[in-house]
file start.json (JSON, C-alpha atoms)
[["chain", "number", "residue", "atom", "x", "y", "z"],
["A", 1, "MET", "CA", -27.32, -80.04, 24.06],
["A", 2, "ALA", "CA", -24.69, -77.36, 24.65],
["A", 3, "ARG", "CA", -21.90, -77.94, 27.15],
["A", 4, "THR", "CA", -21.61, -75.49, 30.02],
["A", 5, "SER", "CA", -18.70, -76.94, 31.99],
["A", 6, "PRO", "CA", -15.38, -75.03, 31.85],
["A", 7, "LEU", "CA", -13.04, -75.50, 28.90],
["A", 8, "HIS", "CA", -9.24, -75.36, 29.09],
["A", 9, "LEU", "CA", -7.23, -74.35, 26.01],
["A", 10, "THR", "CA", -3.70, -75.72, 25.84],
["A", 11, "ASN", "CA", -0.77, -75.69, 23.42],
["A", 12, "GLY", "CA", -1.04, -79.36, 22.55],
["A", 13, "ASP", "CA", -2.13, -82.83, 23.48],
["A", 14, "ALA", "CA", 0.26, -83.57, 26.37],
["A", 15, "ASP", "CA", -0.79, -80.51, 28.38],
["A", 16, "ALA", "CA", -4.45, -81.01, 27.42],
["A", 17, "LYS", "CA", -4.37, -84.56, 28.75],
["A", 18, "LYS", "CA", -2.60, -83.57, 31.96],
["A", 19, "VAL", "CA", -4.83, -80.56, 32.73],
["A", 20, "GLY", "CA", -7.98, -82.51, 31.83],
["A", 21, "GLU", "CA", -7.12, -85.49, 34.01],
["A", 22, "ILE", "CA", -6.09, -83.39, 37.01],
["A", 23, "LEU", "CA", -9.01, -80.93, 36.92],
["A", 24, "GLY", "CA", -11.61, -83.34, 35.52],
["A", 25, "GLU", "CA", -12.77, -80.80, 32.94],
["A", 26, "ASP", "CA", -12.78, -80.53, 29.14],
["A", 27, "THR", "CA", -9.65, -79.47, 27.28],
["A", 28, "LEU", "CA", -8.97, -78.28, 23.74],
["A", 29, "PRO", "CA", -5.43, -78.47, 22.33],
["A", 30, "TRP", "CA", -4.70, -75.65, 19.86],
["A", 31, "ARG", "CA", -2.22, -77.66, 17.70],
["A", 32, "ASP", "CA", -0.67, -75.16, 15.31],
["A", 33, "PHE", "CA", 2.95, -74.05, 14.94],
["A", 34, "LEU", "CA", 2.19, -70.49, 13.79],
["A", 35, "HIS", "CA", 5.84, -69.42, 13.74],
["A", 36, "ASP", "CA", 6.27, -71.43, 10.53],
["A", 37, "GLY", "CA", 4.28, -70.79, 7.36],
["A", 38, "PRO", "CA", 1.61, -68.36, 6.26],
["A", 39, "ALA", "CA", -0.71, -66.36, 8.48],
["A", 40, "ARG", "CA", -2.46, -63.71, 6.42],
["A", 41, "PRO", "CA", -4.07, -60.46, 7.60],
["A", 42, "GLY", "CA", -7.81, -59.91, 7.74],
["A", 43, "LEU", "CA", -8.85, -63.56, 7.92],
["A", 44, "LEU", "CA", -11.49, -64.99, 10.20],
["A", 45, "LEU", "CA", -10.34, -67.93, 12.31],
["A", 46, "GLU", "CA", -11.99, -70.42, 9.94],
["A", 47, "GLU", "CA", -10.35, -68.82, 6.89],
["A", 48, "LEU", "CA", -6.92, -68.89, 8.50],
["A", 49, "SER", "CA", -7.41, -72.53, 9.44],
["A", 50, "LEU", "CA", -7.93, -73.33, 5.75],
["A", 51, "VAL", "CA", -4.65, -71.58, 4.86],
["A", 52, "ARG", "CA", -2.83, -73.33, 7.69],
["A", 53, "ALA", "CA", -4.25, -76.77, 6.77],
["A", 54, "ARG", "CA", -2.95, -76.35, 3.20],
["A", 55, "PHE", "CA", 0.50, -75.40, 4.48],
["A", 56, "ILE", "CA", 0.76, -78.12, 7.13],
["A", 57, "SER", "CA", -0.46, -80.87, 4.79],
["A", 58, "GLY", "CA", 2.09, -79.64, 2.24],
["A", 59, "LEU", "CA", 4.82, -80.38, 4.80],
["A", 60, "GLY", "CA", 3.62, -83.99, 4.99],
["A", 61, "TYR", "CA", 2.11, -83.89, 8.50],
["A", 62, "GLY", "CA", -1.13, -85.46, 7.31],
["A", 63, "SER", "CA", -3.73, -85.18, 4.60],
["A", 64, "PHE", "CA", -5.27, -81.80, 3.87],
["A", 65, "ASP", "CA", -8.74, -83.16, 4.68],
["A", 66, "SER", "CA", -7.77, -84.62, 8.07],
["A", 67, "ILE", "CA", -5.90, -81.48, 9.14],
["A", 68, "LEU", "CA", -8.72, -79.22, 7.96],
["A", 69, "VAL", "CA", -11.35, -81.28, 9.81],
["A", 70, "ALA", "CA", -9.23, -81.13, 12.99],
["A", 71, "PHE", "CA", -8.96, -77.33, 12.68],
["A", 72, "GLN", "CA", -12.67, -76.99, 11.90],
["A", 73, "ASN", "CA", -13.57, -79.05, 14.97],
["A", 74, "ARG", "CA", -11.18, -77.00, 17.11],
["A", 75, "ASP", "CA", -12.55, -73.70, 15.77],
["A", 76, "ALA", "CA", -16.18, -74.75, 16.28],
["A", 77, "CYS", "CA", -15.48, -75.90, 19.84],
["A", 78, "PHE", "CA", -13.65, -72.65, 20.60],
["A", 79, "MET", "CA", -16.33, -70.38, 19.11],
["A", 80, "ASP", "CA", -19.12, -72.31, 20.87],
["A", 81, "ALA", "CA", -17.23, -72.13, 24.15],
["A", 82, "LEU", "CA", -16.91, -68.36, 23.86],
["A", 83, "GLU", "CA", -20.70, -68.12, 23.96],
["A", 84, "GLN", "CA", -21.49, -70.84, 26.48],
["A", 85, "ARG", "CA", -18.55, -71.70, 28.75],
["A", 86, "GLU", "CA", -15.89, -70.34, 31.02],
["A", 87, "VAL", "CA", -12.55, -70.69, 29.21],
["A", 88, "THR", "CA", -9.08, -70.86, 30.75],
["A", 89, "CYS", "CA", -5.96, -70.52, 28.56],
["A", 90, "TRP", "CA", -2.89, -72.57, 29.51],
["A", 91, "PHE", "CA", -0.05, -71.49, 27.22],
["A", 92, "GLU", "CA", 3.62, -71.68, 28.19],
["A", 93, "GLY", "CA", 6.25, -68.96, 27.78],
["A", 94, "ASP", "CA", 7.83, -70.11, 24.52],
["A", 95, "LEU", "CA", 7.26, -68.70, 21.04],
["A", 96, "TYR", "CA", 5.08, -71.63, 19.93],
["A", 97, "ASP", "CA", 2.63, -71.10, 22.81],
["A", 98, "GLN", "CA", 2.72, -67.32, 22.89],
["A", 99, "LEU", "CA", 1.71, -67.05, 19.23],
["A", 100, "GLN", "CA", -1.18, -69.44, 19.90],
["A", 101, "LEU", "CA", -2.24, -67.37, 22.91],
["A", 102, "ILE", "CA", -2.04, -64.16, 20.89],
["A", 103, "GLN", "CA", -4.20, -65.74, 18.17],
["A", 104, "VAL", "CA", -6.75, -66.99, 20.73],
["A", 105, "LEU", "CA", -6.98, -63.62, 22.52],
["A", 106, "HIS", "CA", -7.26, -61.74, 19.23],
["A", 107, "HIS", "CA", -10.19, -63.90, 18.12],
["A", 108, "ARG", "CA", -11.77, -63.71, 21.60],
["A", 109, "ARG", "CA", -11.58, -59.92, 21.50],
["A", 110, "ASN", "CA", -13.20, -59.81, 18.07],
["A", 111, "SER", "CA", -16.11, -62.03, 19.08],
["A", 112, "SER", "CA", -19.32, -60.98, 20.79],
["A", 113, "ALA", "CA", -18.66, -63.40, 23.62],
["A", 114, "GLY", "CA", -19.40, -62.55, 27.19],
["A", 115, "LYS", "CA", -18.48, -65.68, 29.15],
["A", 116, "PRO", "CA", -15.55, -65.53, 31.61],
["A", 117, "PHE", "CA", -12.12, -65.90, 29.99],
["A", 118, "PHE", "CA", -9.08, -66.67, 32.14],
["A", 119, "LEU", "CA", -5.34, -66.99, 31.72],
["A", 120, "VAL", "CA", -2.80, -69.07, 33.59],
["A", 121, "GLN", "CA", 0.73, -67.67, 33.29],
["A", 122, "HIS", "CA", 3.65, -70.02, 33.83],
["A", 123, "ARG", "CA", 6.89, -70.75, 32.02],
["A", 124, "LYS", "CA", 6.19, -74.50, 31.66],
["A", 125, "PHE", "CA", 3.27, -76.75, 32.71],
["A", 126, "PHE", "CA", 4.48, -80.12, 31.49],
["A", 127, "GLY", "CA", 6.78, -80.87, 34.42],
["A", 128, "LEU", "CA", 4.31, -79.79, 37.08],
["A", 129, "ASN", "CA", 2.72, -82.28, 39.45],
["A", 130, "PRO", "CA", -1.05, -82.36, 40.08],
["A", 131, "ALA", "CA", -0.77, -80.04, 43.09],
["A", 132, "GLY", "CA", 1.11, -77.50, 40.93],
["A", 133, "ILE", "CA", -1.57, -77.61, 38.24],
["A", 134, "ARG", "CA", -4.34, -77.17, 40.83],
["A", 135, "THR", "CA", -2.48, -74.25, 42.42],
["A", 136, "LEU", "CA", -2.03, -72.51, 39.06],
["A", 137, "HIS", "CA", -5.69, -73.07, 38.24],
["A", 138, "ALA", "CA", -6.71, -71.51, 41.54],
["A", 139, "GLN", "CA", -4.45, -68.51, 40.76],
["A", 140, "ARG", "CA", -5.78, -67.93, 37.23],
["A", 141, "ARG", "CA", -6.73, -64.36, 36.42],
["A", 142, "PRO", "CA", -9.37, -62.91, 34.11],
["A", 143, "VAL", "CA", -7.92, -61.78, 30.79],
["A", 144, "SER", "CA", -7.90, -57.99, 30.84],
["A", 145, "LYS", "CA", -8.94, -55.58, 28.11],
["A", 146, "GLU", "CA", -5.30, -54.49, 27.94],
["A", 147, "GLN", "CA", -4.16, -58.06, 27.32],
["A", 148, "MET", "CA", -6.70, -58.53, 24.53],
["A", 149, "THR", "CA", -5.81, -55.17, 22.97],
["A", 150, "PHE", "CA", -2.12, -56.07, 23.13],
["A", 151, "ALA", "CA", -2.81, -59.48, 21.57],
["A", 152, "THR", "CA", -4.70, -57.89, 18.69],
["A", 153, "GLU", "CA", -1.88, -55.38, 18.14],
["A", 154, "VAL", "CA", 0.66, -58.21, 18.06],
["A", 155, "TRP", "CA", -1.53, -60.43, 15.88],
["A", 156, "ARG", "CA", -2.02, -57.70, 13.28],
["A", 157, "ALA", "CA", 1.72, -57.04, 13.17],
["A", 158, "PHE", "CA", 2.48, -60.78, 13.03],
["A", 159, "VAL", "CA", 0.17, -61.45, 10.07],
["A", 160, "SER", "CA", 1.19, -58.28, 8.21],
["A", 161, "ASP", "CA", 3.27, -58.40, 5.05],
["A", 162, "THR", "CA", 6.51, -57.45, 6.78],
["A", 163, "PRO", "CA", 8.05, -58.69, 10.03],
["A", 164, "GLU", "CA", 9.35, -55.18, 10.71],
["A", 165, "ASN", "CA", 5.86, -54.33, 12.01],
["A", 166, "LEU", "CA", 6.70, -56.39, 15.10],
["A", 167, "LEU", "CA", 9.75, -54.28, 15.92],
["A", 168, "PRO", "CA", 7.93, -51.41, 17.72],
["A", 169, "ILE", "CA", 6.03, -53.96, 19.79],
["A", 170, "VAL", "CA", 9.20, -55.82, 20.76],
["A", 171, "HIS", "CA", 10.66, -52.53, 21.98],
["A", 172, "LYS", "CA", 7.51, -51.61, 23.91],
["A", 173, "LYS", "CA", 8.72, -52.65, 27.35],
["A", 174, "THR", "CA", 5.53, -51.26, 28.90],
["A", 175, "ALA", "CA", 3.81, -54.42, 27.63],
["A", 176, "GLN", "CA", 5.81, -56.60, 30.03],
["A", 177, "PRO", "CA", 3.22, -56.62, 32.86],
["A", 178, "ILE", "CA", 0.41, -57.25, 30.34],
["A", 179, "ALA", "CA", 2.11, -60.16, 28.62],
["A", 180, "PRO", "CA", 5.13, -61.28, 30.65],
["A", 181, "PHE", "CA", 6.29, -63.99, 28.25],
["A", 182, "ALA", "CA", 5.19, -62.49, 24.93],
["A", 183, "LEU", "CA", 7.95, -59.91, 24.51],
["A", 184, "ALA", "CA", 10.78, -62.42, 24.91],
["A", 185, "ALA", "CA", 9.03, -64.80, 22.49],
["A", 186, "LEU", "CA", 8.53, -61.99, 19.97],
["A", 187, "GLU", "CA", 12.17, -60.95, 20.28],
["A", 188, "ARG", "CA", 13.12, -64.51, 19.38],
["A", 189, "LEU", "CA", 10.73, -64.49, 16.42],
["A", 190, "PHE", "CA", 12.02, -61.16, 15.18],
["A", 191, "SER", "CA", 15.63, -62.26, 15.48],
["A", 192, "GLN", "CA", 14.85, -65.29, 13.29]]
call {"tool": "encode", "arguments": {"input": "start.json", "output": "structure tokens"}}
result
Amino acid sequence: MARTSPLHLTNGDADAKKVGEILGEDTLPWRDFLHDGPARPGLLLEELSLVRARFISGLGYGSFDSILVAFQNRDACFMDALEQREVTCWFEGDLYDQLQLIQVLHHRRNSSAGKPFFLVQHRKFFGLNPAGIRTLHAQRRPVSKEQMTFATEVWRAFVSDTPENLLPIVHKKTAQPIAPFALAALERLFSQ
């Protein structure tokens, strides 16, 4: 039987546990450090997960099979949720989280999903108390078309063959209201 309760996407296990316990709803940690290693253009989420699992296992963070299964489970949960559940994204303002958010929004935009999709914007969730988490959840906003379009623009530049493709986006200050933390994170990425 398909789940219909809301799903909360987070950057990792600590935030997933905290948000899940406080709100009493399902969470899904994204668990990928996209700023390091390959991310190729034109790949479906499942195809990119295969590339990422090879890279991450090569760094010694686990066996290829266990990492791939974890990504496959994550991807299946995410894709199913897009069709059946309200989803709220909880990604912090740093580069690690912003690249995950950009990936999630890009794949959401390129799906046929129609369920509500929300975003909570905050610099850092980890230090927040339960009341702070509940307040942020109550203030969540639907992800706009502009945010998804911006995410796809950034994602395509990020996975392109040259990092210089990010430069025009970093200088596009008009994107600040659309993605308040993304530009600073991208500036950091580009400077590296």
call {"tool": "residues_around", "arguments": {"input": "start.json", "residues": "Tyr96 (chain A)", "least_positions_apart": "6", "cutoff": "9 Å", "atoms": "only C-alpha atoms", "output": "list in words"}}
result
Asn11, Asp32, Phe33, Leu34, His35 and Ala185 of chain A
call {"tool": "residues_around", "arguments": {"input": "start.json", "residues": "Leu95 (chain A)", "least_positions_apart": "5", "cutoff": "9 Å", "atoms": "all atoms listed in the file", "output": "list in words"}}
result
His35, Gln100, Phe181, Ala182, Ala184, Ala185, Leu186, Arg188 and Leu189 of chain A
call {"tool": "closest_residue", "arguments": {"input": "start.json", "among": "A:Asp75, A:Asp94, A:Asp161, A:Glu153", "to": "Glu47 (chain A)", "atoms": "only C-alpha atoms"}}
result
A:Asp75
call {"tool": "closest_residue", "arguments": {"input": "start.json", "among": "A:Arg156, A:Lys172, A:His106, A:Arg3", "to": "Glu86 (chain A)", "atoms": "only C-alpha atoms"}}
result
A:Arg3
call {"tool": "residues_near_point", "arguments": {"input": "start.json", "point": "(-9.3, -68.2, 32.9)", "cutoff": "6 Å", "atoms": "only C-alpha atoms", "output": "JSON, numbers by chain"}}
result
{"A": [87, 88, 89, 117, 118, 119, 140, 141, 142]}
call {"tool": "write_last_selection", "arguments": {"input": "start.json", "atoms": "C-alpha atoms", "output": "short mmCIF file (atom, residue, chain, number, x, y, z; two decimals), in the coordinates of the input"}}
result
data_model
loop_
_atom_site.label_atom_id
_atom_site.label_comp_id
_atom_site.auth_asym_id
_atom_site.auth_seq_id
_atom_site.Cartn_x
_atom_site.Cartn_y
_atom_site.Cartn_z
CA VAL A 87 -12.55 -70.69 29.21
CA THR A 88 -9.08 -70.86 30.75
CA CYS A 89 -5.96 -70.52 28.56
CA PHE A 117 -12.12 -65.90 29.99
CA PHE A 118 -9.08 -66.67 32.14
CA LEU A 119 -5.34 -66.99 31.72
CA ARG A 140 -5.78 -67.93 37.23
CA ARG A 141 -6.73 -64.36 36.42
CA PRO A 142 -9.37 -62.91 34.11
#
call {"tool": "closest_residue", "arguments": {"input": "start.json", "among": "A:Met79, A:Lys145, A:Arg31, A:Lys124", "to": "Tyr61 (chain A)", "atoms": "all atoms listed in the file"}}
result
A:Arg31
call {"tool": "closest_residue", "arguments": {"input": "start.json", "among": "A:Ser49, A:Asn129, A:Gln147, A:Thr27", "to": "Trp90 (chain A)", "atoms": "all atoms listed in the file"}}
result
A:Thr27
call {"tool": "residues_near_point", "arguments": {"input": "start.json", "point": "(-6.6, -87.9, 38.3)", "cutoff": "12 Å", "atoms": "all atoms listed in the file", "output": "list in words"}}
result
Lys17, Lys18, Val19, Gly20, Glu21, Ile22, Leu23, Gly24, Glu25, Asn129, Pro130, Ala131, Ile133 and Arg134 of chain A
call {"tool": "atom_distance", "arguments": {"input": "start.json", "atom1": "CA of Val154 (chain A)", "atom2": "CA of Glu92 (chain A)"}}
result
17.1 Å
call {"tool": "residues_around", "arguments": {"input": "start.json", "residues": "region 66-68 of chain A", "least_positions_apart": "5", "cutoff": "12 Å", "atoms": "all atoms listed in the file", "output": "mmCIF file with C-alpha atoms, in the frame of the given file"}}
result
data_model
loop_
_atom_site.group_PDB
_atom_site.id
_atom_site.type_symbol
_atom_site.label_atom_id
_atom_site.label_comp_id
_atom_site.auth_asym_id
_atom_site.auth_seq_id
_atom_site.Cartn_x
_atom_site.Cartn_y
_atom_site.Cartn_z
ATOM 1 C CA ARG A 31 -2.220 -77.660 17.700
ATOM 2 C CA ASP A 32 -0.670 -75.160 15.310
ATOM 3 C CA GLU A 46 -11.990 -70.420 9.940
ATOM 4 C CA GLU A 47 -10.350 -68.820 6.890
ATOM 5 C CA LEU A 48 -6.920 -68.890 8.500
ATOM 6 C CA SER A 49 -7.410 -72.530 9.440
ATOM 7 C CA LEU A 50 -7.930 -73.330 5.750
ATOM 8 C CA VAL A 51 -4.650 -71.580 4.860
ATOM 9 C CA ARG A 52 -2.830 -73.330 7.690
ATOM 10 C CA ALA A 53 -4.250 -76.770 6.770
ATOM 11 C CA ARG A 54 -2.950 -76.350 3.200
ATOM 12 C CA PHE A 55 0.500 -75.400 4.480
ATOM 13 C CA ILE A 56 0.760 -78.120 7.130
ATOM 14 C CA SER A 57 -0.460 -80.870 4.790
ATOM 15 C CA GLY A 58 2.090 -79.640 2.240
ATOM 16 C CA LEU A 59 4.820 -80.380 4.800
ATOM 17 C CA GLY A 60 3.620 -83.990 4.990
ATOM 18 C CA TYR A 61 2.110 -83.890 8.500
ATOM 19 C CA ASN A 73 -13.570 -79.050 14.970
ATOM 20 C CA ARG A 74 -11.180 -77.000 17.110
ATOM 21 C CA ASP A 75 -12.550 -73.700 15.770
#
call {"tool": "closest_residue", "arguments": {"input": "start.json", "among": "A:Glu187, A:Asp80, A:Asp97, A:Glu146", "to": "Arg123 (chain A)", "atoms": "all atoms listed in the file"}}
result
A:Asp97
call {"tool": "closest_residue", "arguments": {"input": "start.json", "among": "A:Ser144, A:Leu128, A:Gln139, A:Gln103", "to": "Pro41 (chain A)", "atoms": "all atoms listed in the file"}}
result
A:Gln103
call {"tool": "atom_distance", "arguments": {"input": "start.json", "atom1": "CA of Val170 (chain A)", "atom2": "CA of Gly37 (chain A)"}}
result
20.7 Å
call {"tool": "atom_distance", "arguments": {"input": "start.json", "atom1": "CA of Asp26 (chain A)", "atom2": "CA of Thr10 (chain A)"}}
result
10.8 Å
